[in-house]
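Visitor: Let me give you the structure first, and then I'll get to my questions.
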2 protein chains.
Amino acid sequence: MLSKNQLKHIRKLSKKKHRQEMGLFVAEGEKVVRELLDSGWKADEIYATHAPQDIPYTPIEQSLLNSISHLNTASPILAVFRIPKYDQTPTIGKHFSVALDNIADPGNLGTIIRLCDWFGIKDIFCSPNTVDCFNPKVVQSTMGSIARVQCHYTDLVSLVDHSETEVYAATLDGNSHYQQTFSSKGLLVMGSESHGIGDELLKKIRNRVTIPALSKDAGPESLNVANATAILLNEIFRP
Amino acid sequence: MLSKNQLKHIRKLSKKKHRQEMGLFVAEGEKVVRELLDSGWKADEIYATHAPQDIPYTPIEQSLLNSISHLNTASPILAVFRIPKYDQTPTIGKHFSVALDNIADPGNLGTIIRLCDWFGIKDIFCSPNTVDCFNPKVVQSTMGSIARVQCHYTDLVSLVDHSETEVYAATLDGNSHYQQTFSSKGLLVMGSESHGIGDELLKKIRNRVTIPALSKDAGPESLNVANATAILLNEIFRP
C-alpha cells in the first residue's frame with residue numbers, strides 16, 4: 001500500500017521544482033521503465049498492477065495507479081527514478097548536436113530526443129525556458145531514448161558565442177535545406193513554432209536554413225518543430 | 001447562454017459516432033477556426049470569451065468554455081462546424097498521396113495532415129481503424145491544414161489492389177530511403193509505430209523503404225510515425 005504522503009509525493013513530481021528539489025522523476029510504461037533500468041538508471045520505487053517477472057515491483061491496484069499517473073491514460077507500470085548526474089561537461093564541435101530554443105510542448109521535446117537517439121546524437125542543448133526533459137510527458141514520449149540522450153539546460157546565446165563550430169538556424173527565410181551543406185560537427189538550432197528562435201540568439205547565427213513549402217496558394221505557416229527537426233537531421237546525416 | 005442540452009450536445013461531439021450522426025465537429029483556437037472560415041467551411045456556432053472583430057461569435061464565460069472544450073487547455077474560441085461533403089472521389093496516381101494504416105494517435109494524424117499540406121498533398125487515404133480526422137485533437141493539431149487536406153476512410157488492401165501507381169511501404173527492413181527513387185505520382189503507406197503495416201496490406205506492396213538508424217549499440221526501435229512521414233516526404237519531394 002501507498003501512504004497518503006507517498007501518494008502526494010509522487011503526484012508532486014509533475015512539478016519541475018519538486019523534481020529538482022527531490023532529484024527524482026516519474027517514468028511510466030513498461031518500455032520506458034525497462035530501457036531506463038537496462039541503461040543502469042536507479043529506480044527508487046516501481047509500482048505496477050502487473051509486470052514481467054524480471055522487473056521487481058510493488059503491486060498496487062489500478063485505481064491507485066490511475067491516481068498517481070501523470071498521463072491521461074495510466075500504464076500498468078509507474079516508476080520513480082533518480083535524476084542522473086551527468087559526469088562530463090558536453091562539448092560542441094566534437095559530434096553533431098542540436099540546440100532547442102523555447103520548446104514548450106512536452107511531446108515535441110520527447111520526440112526530438114527520440115529522433116536524436118535515432119541519428120546517434122548524444123547531446124541536446126536546451127534554453128532554460130524549454131520544457132524540462134524529466135517532465136513525465138516528455139519522458140513518456142521519448143519511448144526510452146531519454147536513457148541515451150542527455151539534455152543540457154544552458155544559455156544558448158553564450159553557447160553559440162563561444163562555439164567554434166558551424167551553427168545552423170532553422171528559420172522561415174533561409175536557404176533551402178536541399179542546397180545547404182552541413183558540417184558533420186555542427187550545431188542545429190531549432191526554435192518554437194509560434195515564436196521562432198529568439199532575436200538575440202538568431203543574430204549570432206549566419207547559416208539559416210529553410211524547408212521550402214510546396215503547397216500552392218495558402219498553406220500552413222510552419223511545420224511542427226519535431227517534424228522540421230526530423231527533416232533537417234535527415235539532410236544533415238545524408239550519407 | 002448555453003442550455004443544458006446544447007452543452008451536452010457539444011460535449012458529445014468528442015465521440016465519432018455522435019459526430020457522424022450529427023454531421024458536426026468541433027474546432028478550437030483562433031487559428032484553426034479562422035482557417036476553416038477562410039476556406040468556406042460552415043460554422044453552426046462559434047463560442048468565445050473574446051475574439052477578433054471579424055469573427056462573429058456568441059460570448060460565453062471562461063468557465064463555460066472550459067466545460068465544453070475537448071482539449072486539456074481550452075482556447076478562447078470554440079466553434080461547431082459542419083462536416084463537409086467532398087464532392088469528388090479521389091483518385092490515386094494523379095498526384096503523390098499518402099495512406100495511413102491504423103494510426104491511432106490524434107496528434108500524429110494531425111501533424112501528418114499538416115505535413116501533407118506543407119508538401120502540397122491533397123488526399124490522405126486512411127484505414128477504417130485510423131483515428132477520425134474530425135476528432136477534436138486531430139483538428140487542433142492540424143493547425144488549420146484540415147481545411148485543405150482531405151482524409152478518405154477506405155479499405156487500403158482493396159485500394160492498393162486496384163492501384164496502378166507505384167506503392168511504397170515504410171518498414172523497418174526495406175531499402176534505405178536515401179537510395180530509393182520515388183515516382184512523383186506514387187502512394188506512400190505508413191503503419192502504426194507499435195504494429196507496423198497490417199500483414200495483408202504489406203503483402204501487396206513490393207517497394208519497402210526504411211530510414212536507417214545511425215545510433216550505435218542499442219537505440220530506439222522506431223521513429224515517431226509523423227517524424228518518419230516527414231523524412232520520407234522530404235525525400236520524395238526532393239527537387
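By order in the C-alpha cells, chains are A, B, ...; within a chain, residues start at 1; ligands start at 1, following the order shown.
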Using only C-alpha atoms and a distance of at most 6 Å, pull out the residues of chain B that contact chain A, as an mmCIF file with C-alpha atoms, in the first residue's frame.

Guide:
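Full text of selection32.cif as output:
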data_model
loop_
_atom_site.group_PDB
_atom_site.id
_atom_site.type_symbol
_atom_site.label_atom_id
_atom_site.label_comp_id
_atom_site.auth_asym_id
_atom_site.auth_seq_id
_atom_site.Cartn_x
_atom_site.Cartn_y
_atom_site.Cartn_z
ATOM 1 C CA TRP B 118 3.162 21.600 -46.478
ATOM 2 C CA PHE B 119 4.172 19.299 -49.326
ATOM 3 C CA GLY B 120 1.038 20.101 -51.358
ATOM 4 C CA ALA B 213 19.111 4.232 -37.795
ATOM 5 C CA LEU B 214 22.537 5.732 -37.140
ATOM 6 C CA SER B 215 22.624 5.103 -33.409
ATOM 7 C CA ASN B 227 8.570 12.170 -37.986
ATOM 8 C CA ALA B 230 8.229 13.918 -42.603
ATOM 9 C CA ILE B 231 11.566 12.358 -43.520
#

Visitor: If you run DSSP on this backbone, which residues of segment 6-223 of chain B come out as strand (DSSP E), and could you give them as number ranges by chain?

Guide: B: 24-28, 43-48, 58-59, 77-82, 97-101, 123-126, 150-153, 167-176, 187-191, 207-210

Visitor: Within 10 Å of Leu2 of chain A, counting only C-alpha atoms, which residues show up once you throw out same-chain ones fewer than 3 positions away? Write them as an mmCIF file with C-alpha atoms, in the first residue's frame, please.

Guide:
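around03.cif written:
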data_model
loop_
_atom_site.group_PDB
_atom_site.id
_atom_site.type_symbol
_atom_site.label_atom_id
_atom_site.label_comp_id
_atom_site.auth_asym_id
_atom_site.auth_seq_id
_atom_site.Cartn_x
_atom_site.Cartn_y
_atom_site.Cartn_z
ATOM 1 C CA ASN A 5 2.355 11.089 1.959
ATOM 2 C CA GLN A 6 3.791 8.805 -0.716
ATOM 3 C CA LEU A 7 0.819 9.471 -2.958
ATOM 4 C CA LYS A 8 1.231 13.211 -2.513
ATOM 5 C CA TYR A 47 4.571 0.385 -8.766
ATOM 6 C CA THR A 58 5.292 -3.143 -5.519
ATOM 7 C CA ILE A 60 -0.896 -1.726 -6.413
ATOM 8 C CA LEU A 64 -4.432 3.798 -7.149
#

Visitor: Could I have chain A as a JSON list (two decimals) with C-alpha atoms, in the first residue's frame after it is superimposed on chain B by least squares, pairing all C-alpha atoms in sequence order?

Guide:
[["chain", "number", "residue", "atom", "x", "y", "z"],
["A", 1, "MET", "CA", -26.13, 31.47, -22.60],
["A", 2, "LEU", "CA", -25.97, 27.81, -23.47],
["A", 3, "SER", "CA", -28.80, 25.49, -22.49],
["A", 4, "LYS", "CA", -28.05, 22.21, -20.76],
["A", 5, "ASN", "CA", -28.96, 20.40, -23.97],
["A", 6, "GLN", "CA", -26.54, 22.49, -26.02],
["A", 7, "LEU", "CA", -23.77, 21.84, -23.53],
["A", 8, "LYS", "CA", -24.44, 18.11, -23.66],
["A", 9, "HIS", "CA", -24.60, 18.17, -27.45],
["A", 10, "ILE", "CA", -21.21, 19.87, -27.79],
["A", 11, "ARG", "CA", -19.57, 17.57, -25.26],
["A", 12, "LYS", "CA", -20.89, 14.54, -27.11],
["A", 13, "LEU", "CA", -19.07, 15.69, -30.27],
["A", 14, "SER", "CA", -15.94, 14.18, -28.72],
["A", 15, "LYS", "CA", -17.40, 10.83, -29.88],
["A", 16, "LYS", "CA", -17.02, 9.81, -33.52],
["A", 17, "LYS", "CA", -20.46, 8.17, -33.54],
["A", 18, "HIS", "CA", -22.13, 11.40, -32.44],
["A", 19, "ARG", "CA", -20.13, 13.48, -34.94],
["A", 20, "GLN", "CA", -21.20, 11.19, -37.77],
["A", 21, "GLU", "CA", -24.85, 11.17, -36.70],
["A", 22, "MET", "CA", -24.94, 14.96, -36.40],
["A", 23, "GLY", "CA", -22.59, 15.74, -39.30],
["A", 24, "LEU", "CA", -20.78, 18.17, -37.00],
["A", 25, "PHE", "CA", -17.36, 18.55, -35.41],
["A", 26, "VAL", "CA", -15.63, 20.91, -33.01],
["A", 27, "ALA", "CA", -12.65, 23.16, -33.81],
["A", 28, "GLU", "CA", -10.88, 25.17, -31.13],
["A", 29, "GLY", "CA", -8.48, 28.09, -31.21],
["A", 30, "GLU", "CA", -8.47, 31.25, -33.30],
["A", 31, "LYS", "CA", -6.02, 29.98, -35.89],
["A", 32, "VAL", "CA", -7.88, 26.79, -36.72],
["A", 33, "VAL", "CA", -11.33, 28.43, -36.66],
["A", 34, "ARG", "CA", -10.15, 31.26, -38.88],
["A", 35, "GLU", "CA", -8.56, 28.94, -41.44],
["A", 36, "LEU", "CA", -11.75, 26.88, -41.67],
["A", 37, "LEU", "CA", -13.89, 30.01, -42.08],
["A", 38, "ASP", "CA", -11.48, 31.42, -44.66],
["A", 39, "SER", "CA", -11.73, 28.15, -46.60],
["A", 40, "GLY", "CA", -15.51, 28.50, -46.74],
["A", 41, "TRP", "CA", -16.40, 25.86, -44.13],
["A", 42, "LYS", "CA", -19.73, 26.48, -42.41],
["A", 43, "ALA", "CA", -19.80, 27.07, -38.66],
["A", 44, "ASP", "CA", -23.09, 26.36, -36.92],
["A", 45, "GLU", "CA", -22.00, 28.13, -33.76],
["A", 46, "ILE", "CA", -18.92, 29.99, -32.54],
["A", 47, "TYR", "CA", -18.49, 30.48, -28.80],
["A", 48, "ALA", "CA", -15.75, 32.65, -27.37],
["A", 49, "THR", "CA", -14.70, 34.63, -24.34],
["A", 50, "HIS", "CA", -13.30, 37.17, -26.79],
["A", 51, "ALA", "CA", -12.42, 37.10, -30.48],
["A", 52, "PRO", "CA", -11.25, 39.47, -33.21],
["A", 53, "GLN", "CA", -13.96, 41.71, -34.69],
["A", 54, "ASP", "CA", -14.30, 39.81, -37.98],
["A", 55, "ILE", "CA", -15.28, 36.54, -36.28],
["A", 56, "PRO", "CA", -18.97, 36.60, -35.31],
["A", 57, "TYR", "CA", -19.44, 34.78, -32.01],
["A", 58, "THR", "CA", -21.67, 34.13, -29.03],
["A", 59, "PRO", "CA", -19.88, 35.42, -25.93],
["A", 60, "ILE", "CA", -19.61, 32.92, -23.08],
["A", 61, "GLU", "CA", -17.67, 32.81, -19.84],
["A", 62, "GLN", "CA", -14.32, 31.09, -19.47],
["A", 63, "SER", "CA", -15.69, 28.52, -17.03],
["A", 64, "LEU", "CA", -18.39, 27.51, -19.50],
["A", 65, "LEU", "CA", -15.86, 27.37, -22.33],
["A", 66, "ASN", "CA", -13.65, 25.12, -20.21],
["A", 67, "SER", "CA", -16.59, 22.82, -19.65],
["A", 68, "ILE", "CA", -17.30, 22.36, -23.38],
["A", 69, "SER", "CA", -13.67, 22.29, -24.52],
["A", 70, "HIS", "CA", -12.33, 18.93, -25.68],
["A", 71, "LEU", "CA", -8.72, 19.94, -25.05],
["A", 72, "ASN", "CA", -6.70, 19.85, -21.84],
["A", 73, "THR", "CA", -6.32, 23.62, -22.02],
["A", 74, "ALA", "CA", -9.28, 25.46, -23.53],
["A", 75, "SER", "CA", -8.68, 28.10, -26.21],
["A", 76, "PRO", "CA", -10.68, 31.36, -26.12],
["A", 77, "ILE", "CA", -12.68, 30.24, -29.19],
["A", 78, "LEU", "CA", -14.63, 27.05, -29.85],
["A", 79, "ALA", "CA", -16.70, 26.51, -32.99],
["A", 80, "VAL", "CA", -19.06, 23.79, -34.14],
["A", 81, "PHE", "CA", -18.58, 23.19, -37.87],
["A", 82, "ARG", "CA", -20.47, 21.05, -40.35],
["A", 83, "ILE", "CA", -18.51, 18.07, -41.67],
["A", 84, "PRO", "CA", -18.04, 18.82, -45.38],
["A", 85, "LYS", "CA", -19.18, 16.52, -48.14],
["A", 86, "TYR", "CA", -16.27, 16.07, -50.52],
["A", 87, "ASP", "CA", -17.74, 16.15, -54.01],
["A", 88, "GLN", "CA", -15.16, 14.13, -55.89],
["A", 89, "THR", "CA", -13.99, 10.58, -55.47],
["A", 90, "PRO", "CA", -10.24, 10.91, -55.06],
["A", 91, "THR", "CA", -8.05, 9.04, -57.48],
["A", 92, "ILE", "CA", -4.57, 7.84, -56.74],
["A", 93, "GLY", "CA", -1.83, 8.07, -59.35],
["A", 94, "LYS", "CA", -2.66, 11.64, -60.36],
["A", 95, "HIS", "CA", -0.51, 13.25, -57.68],
["A", 96, "PHE", "CA", 1.57, 11.77, -54.90],
["A", 97, "SER", "CA", -0.60, 10.62, -52.01],
["A", 98, "VAL", "CA", -0.27, 9.09, -48.57],
["A", 99, "ALA", "CA", -2.11, 6.16, -46.97],
["A", 100, "LEU", "CA", -2.24, 5.57, -43.21],
["A", 101, "ASP", "CA", -2.86, 2.14, -41.74],
["A", 102, "ASN", "CA", -4.07, 2.03, -38.14],
["A", 103, "ILE", "CA", -2.75, 5.38, -36.92],
["A", 104, "ALA", "CA", -4.41, 5.71, -33.52],
["A", 105, "ASP", "CA", -2.83, 8.82, -31.99],
["A", 106, "PRO", "CA", -4.76, 12.04, -32.79],
["A", 107, "GLY", "CA", -1.65, 14.22, -32.54],
["A", 108, "ASN", "CA", 0.16, 12.04, -35.07],
["A", 109, "LEU", "CA", -2.69, 12.16, -37.59],
["A", 110, "GLY", "CA", -2.99, 15.93, -37.10],
["A", 111, "THR", "CA", 0.68, 16.63, -37.73],
["A", 112, "ILE", "CA", 0.70, 14.26, -40.73],
["A", 113, "ILE", "CA", -2.21, 16.25, -42.22],
["A", 114, "ARG", "CA", -0.22, 19.45, -41.63],
["A", 115, "LEU", "CA", 2.87, 17.84, -43.22],
["A", 116, "CYS", "CA", 0.89, 16.76, -46.28],
["A", 117, "ASP", "CA", -0.43, 20.30, -46.60],
["A", 118, "TRP", "CA", 3.16, 21.60, -46.49],
["A", 119, "PHE", "CA", 4.17, 19.29, -49.34],
["A", 120, "GLY", "CA", 1.05, 20.10, -51.36],
["A", 121, "ILE", "CA", -0.58, 16.67, -50.93],
["A", 122, "LYS", "CA", -4.36, 16.95, -51.11],
["A", 123, "ASP", "CA", -5.54, 13.41, -50.31],
["A", 124, "ILE", "CA", -4.81, 11.02, -47.47],
["A", 125, "PHE", "CA", -6.29, 7.50, -47.53],
["A", 126, "CYS", "CA", -6.93, 6.14, -44.04],
["A", 127, "SER", "CA", -7.75, 2.60, -42.94],
["A", 128, "PRO", "CA", -11.10, 2.48, -41.09],
["A", 129, "ASN", "CA", -9.24, 1.84, -37.79],
["A", 130, "THR", "CA", -7.24, 5.06, -38.14],
["A", 131, "VAL", "CA", -8.42, 7.80, -35.77],
["A", 132, "ASP", "CA", -11.19, 10.03, -37.19],
["A", 133, "CYS", "CA", -9.83, 13.22, -38.77],
["A", 134, "PHE", "CA", -12.64, 15.22, -37.13],
["A", 135, "ASN", "CA", -11.60, 14.15, -33.65],
["A", 136, "PRO", "CA", -11.11, 17.48, -31.77],
["A", 137, "LYS", "CA", -7.44, 16.74, -31.01],
["A", 138, "VAL", "CA", -6.72, 15.89, -34.63],
["A", 139, "VAL", "CA", -8.40, 19.10, -35.82],
["A", 140, "GLN", "CA", -6.39, 21.07, -33.26],
["A", 141, "SER", "CA", -3.04, 19.61, -34.22],
["A", 142, "THR", "CA", -3.58, 20.17, -37.94],
["A", 143, "MET", "CA", -3.29, 23.89, -37.11],
["A", 144, "GLY", "CA", -5.83, 24.61, -39.86],
["A", 145, "SER", "CA", -4.50, 22.22, -42.52],
["A", 146, "ILE", "CA", -7.66, 20.12, -42.17],
["A", 147, "ALA", "CA", -9.24, 22.84, -44.31],
["A", 148, "ARG", "CA", -7.01, 21.93, -47.27],
["A", 149, "VAL", "CA", -6.27, 18.20, -46.99],
["A", 150, "GLN", "CA", -8.98, 15.56, -47.36],
["A", 151, "CYS", "CA", -8.94, 12.28, -45.41],
["A", 152, "HIS", "CA", -10.71, 9.37, -47.12],
["A", 153, "TYR", "CA", -11.52, 6.34, -44.95],
["A", 154, "THR", "CA", -11.38, 3.23, -47.06],
["A", 155, "ASP", "CA", -10.16, -0.36, -47.24],
["A", 156, "LEU", "CA", -6.46, 0.05, -48.03],
["A", 157, "VAL", "CA", -5.98, -3.54, -49.23],
["A", 158, "SER", "CA", -8.52, -3.01, -51.97],
["A", 159, "LEU", "CA", -7.14, 0.47, -52.70],
["A", 160, "VAL", "CA", -3.63, -0.88, -53.25],
["A", 161, "ASP", "CA", -4.98, -3.88, -55.16],
["A", 162, "HIS", "CA", -6.70, -1.63, -57.69],
["A", 163, "SER", "CA", -3.92, 0.92, -57.87],
["A", 164, "GLU", "CA", -1.81, 1.17, -61.01],
["A", 165, "THR", "CA", 0.71, 3.52, -59.46],
["A", 166, "GLU", "CA", 3.90, 2.68, -57.56],
["A", 167, "VAL", "CA", 3.22, 1.95, -53.90],
["A", 168, "TYR", "CA", 5.87, 2.32, -51.17],
["A", 169, "ALA", "CA", 5.62, 0.82, -47.69],
["A", 170, "ALA", "CA", 7.60, 2.31, -44.80],
["A", 171, "THR", "CA", 9.01, -0.69, -42.90],
["A", 172, "LEU", "CA", 11.98, -1.47, -40.67],
["A", 173, "ASP", "CA", 13.51, -3.97, -43.14],
["A", 174, "GLY", "CA", 13.41, -2.22, -46.52],
["A", 175, "ASN", "CA", 15.92, -0.40, -48.71],
["A", 176, "SER", "CA", 17.46, 2.79, -47.41],
["A", 177, "HIS", "CA", 15.22, 5.71, -48.36],
["A", 178, "TYR", "CA", 18.37, 7.60, -49.36],
["A", 179, "GLN", "CA", 18.81, 5.13, -52.25],
["A", 180, "GLN", "CA", 15.16, 4.75, -53.22],
["A", 181, "THR", "CA", 13.78, 6.54, -56.27],
["A", 182, "PHE", "CA", 10.16, 7.55, -55.94],
["A", 183, "SER", "CA", 7.54, 8.03, -58.63],
["A", 184, "SER", "CA", 6.09, 11.53, -58.46],
["A", 185, "LYS", "CA", 2.60, 10.02, -58.67],
["A", 186, "GLY", "CA", 3.10, 7.21, -56.17],
["A", 187, "LEU", "CA", 1.47, 6.26, -52.90],
["A", 188, "LEU", "CA", 3.34, 6.08, -49.57],
["A", 189, "VAL", "CA", 1.86, 3.73, -46.95],
["A", 190, "MET", "CA", 2.68, 4.34, -43.28],
["A", 191, "GLY", "CA", 1.70, 1.95, -40.48],
["A", 192, "SER", "CA", 1.39, 2.27, -36.74],
["A", 193, "GLU", "CA", 4.52, 2.52, -34.60],
["A", 194, "SER", "CA", 3.63, -0.47, -32.48],
["A", 195, "HIS", "CA", 2.16, -2.80, -35.10],
["A", 196, "GLY", "CA", 3.54, -1.56, -38.43],
["A", 197, "ILE", "CA", 1.52, -2.04, -41.61],
["A", 198, "GLY", "CA", -1.04, -4.86, -41.43],
["A", 199, "ASP", "CA", 0.16, -8.19, -42.91],
["A", 200, "GLU", "CA", -2.49, -8.46, -45.59],
["A", 201, "LEU", "CA", -1.75, -4.95, -46.84],
["A", 202, "LEU", "CA", 2.02, -5.31, -46.60],
["A", 203, "LYS", "CA", 1.94, -8.47, -48.74],
["A", 204, "LYS", "CA", 0.59, -6.39, -51.62],
["A", 205, "ILE", "CA", 3.47, -3.91, -51.62],
["A", 206, "ARG", "CA", 6.80, -4.64, -53.31],
["A", 207, "ASN", "CA", 8.71, -1.40, -52.59],
["A", 208, "ARG", "CA", 9.76, -1.28, -48.95],
["A", 209, "VAL", "CA", 11.70, 1.67, -47.65],
["A", 210, "THR", "CA", 13.47, 2.19, -44.36],
["A", 211, "ILE", "CA", 15.05, 5.20, -42.68],
["A", 212, "PRO", "CA", 18.35, 3.70, -41.49],
["A", 213, "ALA", "CA", 19.11, 4.23, -37.80],
["A", 214, "LEU", "CA", 22.53, 5.74, -37.14],
["A", 215, "SER", "CA", 22.62, 5.14, -33.41],
["A", 216, "LYS", "CA", 25.29, 2.65, -32.41],
["A", 217, "ASP", "CA", 24.62, -0.19, -29.94],
["A", 218, "ALA", "CA", 21.15, 0.04, -28.48],
["A", 219, "GLY", "CA", 18.89, 2.69, -29.95],
["A", 220, "PRO", "CA", 15.20, 3.35, -30.36],
["A", 221, "GLU", "CA", 13.17, 0.63, -32.06],
["A", 222, "SER", "CA", 11.37, 3.05, -34.31],
["A", 223, "LEU", "CA", 10.72, 6.68, -35.08],
["A", 224, "ASN", "CA", 7.52, 8.54, -34.28],
["A", 225, "VAL", "CA", 5.24, 7.92, -37.29],
["A", 226, "ALA", "CA", 4.78, 11.62, -38.06],
["A", 227, "ASN", "CA", 8.55, 12.17, -37.98],
["A", 228, "ALA", "CA", 9.10, 9.17, -40.25],
["A", 229, "THR", "CA", 6.47, 10.53, -42.66],
["A", 230, "ALA", "CA", 8.22, 13.92, -42.60],
["A", 231, "ILE", "CA", 11.56, 12.35, -43.52],
["A", 232, "LEU", "CA", 10.11, 10.24, -46.32],
["A", 233, "LEU", "CA", 8.06, 13.07, -47.86],
["A", 234, "ASN", "CA", 11.18, 15.23, -47.78],
["A", 235, "GLU", "CA", 12.94, 12.57, -49.89],
["A", 236, "ILE", "CA", 9.99, 12.04, -52.20],
["A", 237, "PHE", "CA", 9.71, 15.76, -52.98],
["A", 238, "ARG", "CA", 13.46, 16.31, -53.28],
["A", 239, "PRO", "CA", 13.85, 18.58, -56.33]]
